[in-house]
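Since the structure comes first, as structure tokens, the remarks are kept for the end.
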Amino acid sequence: MNKFDLFLNTEKMTKIEPYLNIDDAIESLDNGGRFYNILTSADDGVISQSELGKVAGLLNDKQQMILFFEISISNLNADKRNEVISKLEDKLKETYLKFKPLELLPSEAFSKGTIASNAIITGIPTLIESKDEFTGFILIPIYSGEITTFSMIPLIDLYDVYELKDEKSDEKFLIAHVKSENKLPEKKIKVAGILKELKLDKEEDVASEKYLEAVYHLEVN
């Protein structure tokens with residue numbers, strides 16, 4: 001294990017097979033939760049946090065649950081998406097509104113995206129294969145007893161880094177996921193993740209760049 005793994009989201013990026021129709025979405029999401037969720041029932045017309053967490057394979061990460069939910073229903077038309085959303089329990093609707101991702105093009109991500117928020121960005125990725133092609137640093141906490149220090153680490157040392165390009169322009173935005181043998185296809189995709197700050201130089205007081213830490217992706221036909 002890399003010594004920094006304890007301080008990163010080390011889950012591999014997941015390819016999503018989105019719901020193709022509303023019946024499949026509701027049947028999957030209104031599932032009764034795990035066996036110990038005794039107050040939750042399947043097929044009761046209400047989608048609870050425990051039911052969403054079961055499908056997403058998550059327990060308590062509400063922000064990531066909403067990211068999974070939004071990209072999983074992204075192929076439905078607006079009316080069908082709204083119908084699924086209407087079935088969320090009241091507290092889960094509040095969580096959805098809090099963490100609902102912005103849908104952006106790479107050319108919009110820097111100006112419209114907010115650090116630490118969810119985003120879904122559509123474009124064509126190109127892997128940056130060499131450190132000579134890329135410079136950028138992230139701040140990693142290092143714990144020693146009760147003392148916490150921080151170290152600036154090159155993003156490309158810990159992540160696979162891509163330039164995500166607009167389909168109809170040359171504008172690009174950086175995305176990254178924990179290093180893996182599975183690379184993103186060089187074709188049009190949606191990438192869902194959390195926007196984070198990136199320093200182009202170790203001496204920067206304030207980060208001048210952003211990147212998307214990718215969690216999910218799906219191919220766009």
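Naming works like this for the structure tokens: A, B, ... for the chains as they're shown, residue 1 at the start of each chain, ligands 1 onward in shown order.
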Write out as a PyMOL selection string the residues lying within 6 Å of region 171-184 of chain A, counting only C-alpha atoms and excluding same-chain residues fewer than 3 positions away.
chain A and resi 106-107+159-166+211-214
Let me see the file: selected residues, C-alpha atoms, as a CSV table (one decimal), in the first residue's frame.
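Written out: result-v3.csv:
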chain,number,residue,atom,x,y,z
A,106,PRO,CA,-14.9,20.9,-19.7
A,107,SER,CA,-15.0,24.6,-20.8
A,159,TYR,CA,-3.6,9.4,-9.8
A,160,ASP,CA,-4.1,8.6,-13.4
A,161,VAL,CA,-4.6,12.1,-14.8
A,162,TYR,CA,-6.5,13.0,-18.0
A,163,GLU,CA,-7.4,16.1,-20.0
A,164,LEU,CA,-11.1,16.0,-20.7
A,165,LYS,CA,-11.8,17.9,-23.9
A,166,ASP,CA,-15.0,19.5,-25.2
A,211,TYR,CA,-9.5,19.0,-11.1
A,212,LEU,CA,-12.3,16.5,-10.8
A,213,GLU,CA,-11.6,13.5,-8.6
A,214,ALA,CA,-13.5,10.9,-10.6
Within 7 Å of region 39-48 of chain A using only C-alpha atoms, minus same-chain residues under 3 positions, as a PyMOL selection string:
chain A and resi 29-33+51-52+87-89+92
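Compared by their closest atoms to Ser208 (chain A), and using only C-alpha atoms, the residues A:Glu108, A:Pro154, A:Ile189, A:Phe137 rank with A:Phe137 nearest.
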CA of Leu67 (chain A) to CA of Val215 (chain A), straight-line distance in Å:
8.5 Å
Distance query Ile138 (chain A) at most 7 Å, only C-alpha atoms, self and fewer than 3 positions along chain excluded, as a PyMOL selection string:
chain A and resi 152-155+198-199
Take the residues from that selection and write them out as a PDB file, in the first residue's frame, keeping N, CA and C atoms.
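So the final result, stored in part_18.pdb, reads:
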ATOM      1  N   MET A 152       3.090  18.444   0.081  1.00  0.00           N
ATOM      2  CA  MET A 152       2.670  18.682  -1.298  1.00  0.00           C
ATOM      3  C   MET A 152       3.184  17.545  -2.171  1.00  0.00           C
ATOM      4  N   ILE A 153       2.266  16.831  -2.795  1.00  0.00           N
ATOM      5  CA  ILE A 153       2.599  15.650  -3.589  1.00  0.00           C
ATOM      6  C   ILE A 153       2.140  15.871  -5.037  1.00  0.00           C
ATOM      7  N   PRO A 154       2.956  15.522  -6.021  1.00  0.00           N
ATOM      8  CA  PRO A 154       2.479  15.624  -7.408  1.00  0.00           C
ATOM      9  C   PRO A 154       1.240  14.755  -7.628  1.00  0.00           C
ATOM     10  N   LEU A 155       0.202  15.341  -8.182  1.00  0.00           N
ATOM     11  CA  LEU A 155      -1.042  14.608  -8.427  1.00  0.00           C
ATOM     12  C   LEU A 155      -0.788  13.348  -9.243  1.00  0.00           C
ATOM     13  N   LEU A 198      -6.096  22.334  -7.087  1.00  0.00           N
ATOM     14  CA  LEU A 198      -4.797  21.866  -7.558  1.00  0.00           C
ATOM     15  C   LEU A 198      -3.851  23.061  -7.635  1.00  0.00           C
ATOM     16  N   LYS A 199      -2.678  22.895  -7.079  1.00  0.00           N
ATOM     17  CA  LYS A 199      -1.662  23.939  -7.165  1.00  0.00           C
ATOM     18  C   LYS A 199      -0.698  23.601  -8.287  1.00  0.00           C
TER      19      LYS A 199
END
Running DSSP on the backbone, which parts of region 100-217 of chain A land in helix (DSSP H, G or I), as a list in words?
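DSSP-assigned helix (DSSP H, G or I) residues in region 100-217 of chain A: Pro106, Ser107, Glu108, Ala109, Phe110, Ser111, Lys112, Lys131, Asp132, Glu133, Leu155, Ile156, Asp157 and Leu158 of chain A.
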Keeping only C-alpha atoms, write the selected residues as a CSV table (one decimal), in the first residue's frame.
chain,number,residue,atom,x,y,z
A,106,PRO,CA,-14.9,20.9,-19.7
A,107,SER,CA,-15.0,24.6,-20.8
A,108,GLU,CA,-17.4,25.5,-18.0
A,109,ALA,CA,-15.9,23.5,-15.1
A,110,PHE,CA,-13.3,26.0,-13.9
A,111,SER,CA,-15.6,29.0,-13.9
A,112,LYS,CA,-18.8,27.4,-12.7
A,131,LYS,CA,5.3,13.6,-15.6
A,132,ASP,CA,7.1,15.8,-18.2
A,133,GLU,CA,3.6,16.6,-19.7
A,155,LEU,CA,-1.0,14.6,-8.4
A,156,ILE,CA,0.3,12.3,-11.1
A,157,ASP,CA,2.3,10.3,-8.6
A,158,LEU,CA,-1.0,9.1,-7.0
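With distances restricted to only C-alpha atoms, A:Gly123 is the closest residue to Ser169 (chain A) from A:Gln49, A:Val84, A:Gly123, A:Met13.
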Please list as number ranges by chain every residue within 7 Å of Lys187 (chain A), counting only C-alpha atoms and excluding residues in the same chain fewer than 2 positions away.
A: 124-125, 185, 189
Generate a file of the selected residues that holds N, CA, C and O atoms, formatted as a CSV table (one decimal), in the first residue's frame.
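So out.csv came out as:
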chain,number,residue,atom,x,y,z
A,124,ILE,N,-14.2,14.1,-23.9
A,124,ILE,CA,-13.4,13.0,-24.4
A,124,ILE,C,-12.0,13.1,-23.6
A,124,ILE,O,-11.3,14.0,-23.7
A,125,PRO,N,-11.7,12.0,-22.9
A,125,PRO,CA,-10.5,12.0,-22.1
A,125,PRO,C,-9.2,11.6,-22.9
A,125,PRO,O,-9.3,10.7,-23.7
A,185,PRO,N,-11.7,5.1,-21.6
A,185,PRO,CA,-11.7,5.0,-23.1
A,185,PRO,C,-11.6,6.4,-23.7
A,185,PRO,O,-12.1,7.4,-23.2
A,189,ILE,N,-17.5,10.5,-22.9
A,189,ILE,CA,-18.0,9.9,-21.6
A,189,ILE,C,-18.6,11.0,-20.7
A,189,ILE,O,-18.3,12.1,-20.9
Quick one: residues within 10 Å of Ala119 (chain A), only C-alpha atoms counted, chain neighbours fewer than 6 positions away excluded, as an MDAnalysis selection string?
chainID A and resid 67 70:71 99:104 109 113 191:195 212:214
How many Å separate CA of Ser50 (chain A) from CA of Ala25 (chain A)?
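Separation of CA of Ser50 (chain A) and CA of Ala25 (chain A): 15.6 Å.
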In Å, rounded to a single decimal, give me how far CA of Glu94 (chain A) is from CA of Lys190 (chain A).
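For CA of Lys190 (chain A) relative to CA of Glu94 (chain A), the distance reads 24.6 Å.
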Which residue out of A:Ile26, A:Phe35, A:Asp201, A:Tyr143 has the minimum interatomic distance to Ser86 (chain A) when only C-alpha atoms are used?
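Of the candidates, the smallest distance to Ser86 (chain A) is held by A:Ile26.
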Within region 60-164 of chain A, find each residue whose DSSP state, derived from the backbone, is strand (DSSP E or B), and express the selection as JSON, numbers by chain.
{"A": [88, 102, 103, 104, 118, 119, 120, 121, 122, 123, 124, 125, 126, 127, 137, 138, 139, 140, 141, 142, 143, 144, 147, 148, 149, 150, 151, 152, 153, 154, 159, 160, 161, 162, 163, 164]}
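The residue that comes closest to Ala207 (chain A), out of A:Gly136, A:Lys12, A:Pro18, A:Thr95 and on the basis of only C-alpha atoms, is A:Gly136.
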Would you kindly return, as a PyMOL selection string, each protein, DNA or RNA residue with an atom no farther than 8 Å from any atom of Pro141 (chain A), considering only C-alpha atoms and excluding same-chain residues fewer than 4 positions away?
chain A and resi 7+148-151
Store the residues of this selection in a file with C-alpha atoms, as a PDB file, in the first residue's frame.
ATOM      1  CA  PHE A   7      -5.552   9.775   3.299  1.00  0.00           C
ATOM      2  CA  THR A 148      -0.793  16.640  11.726  1.00  0.00           C
ATOM      3  CA  THR A 149       1.468  17.984   9.016  1.00  0.00           C
ATOM      4  CA  PHE A 150       0.880  18.434   5.309  1.00  0.00           C
ATOM      5  CA  SER A 151       2.933  17.474   2.304  1.00  0.00           C
TER       6      SER A 151
END
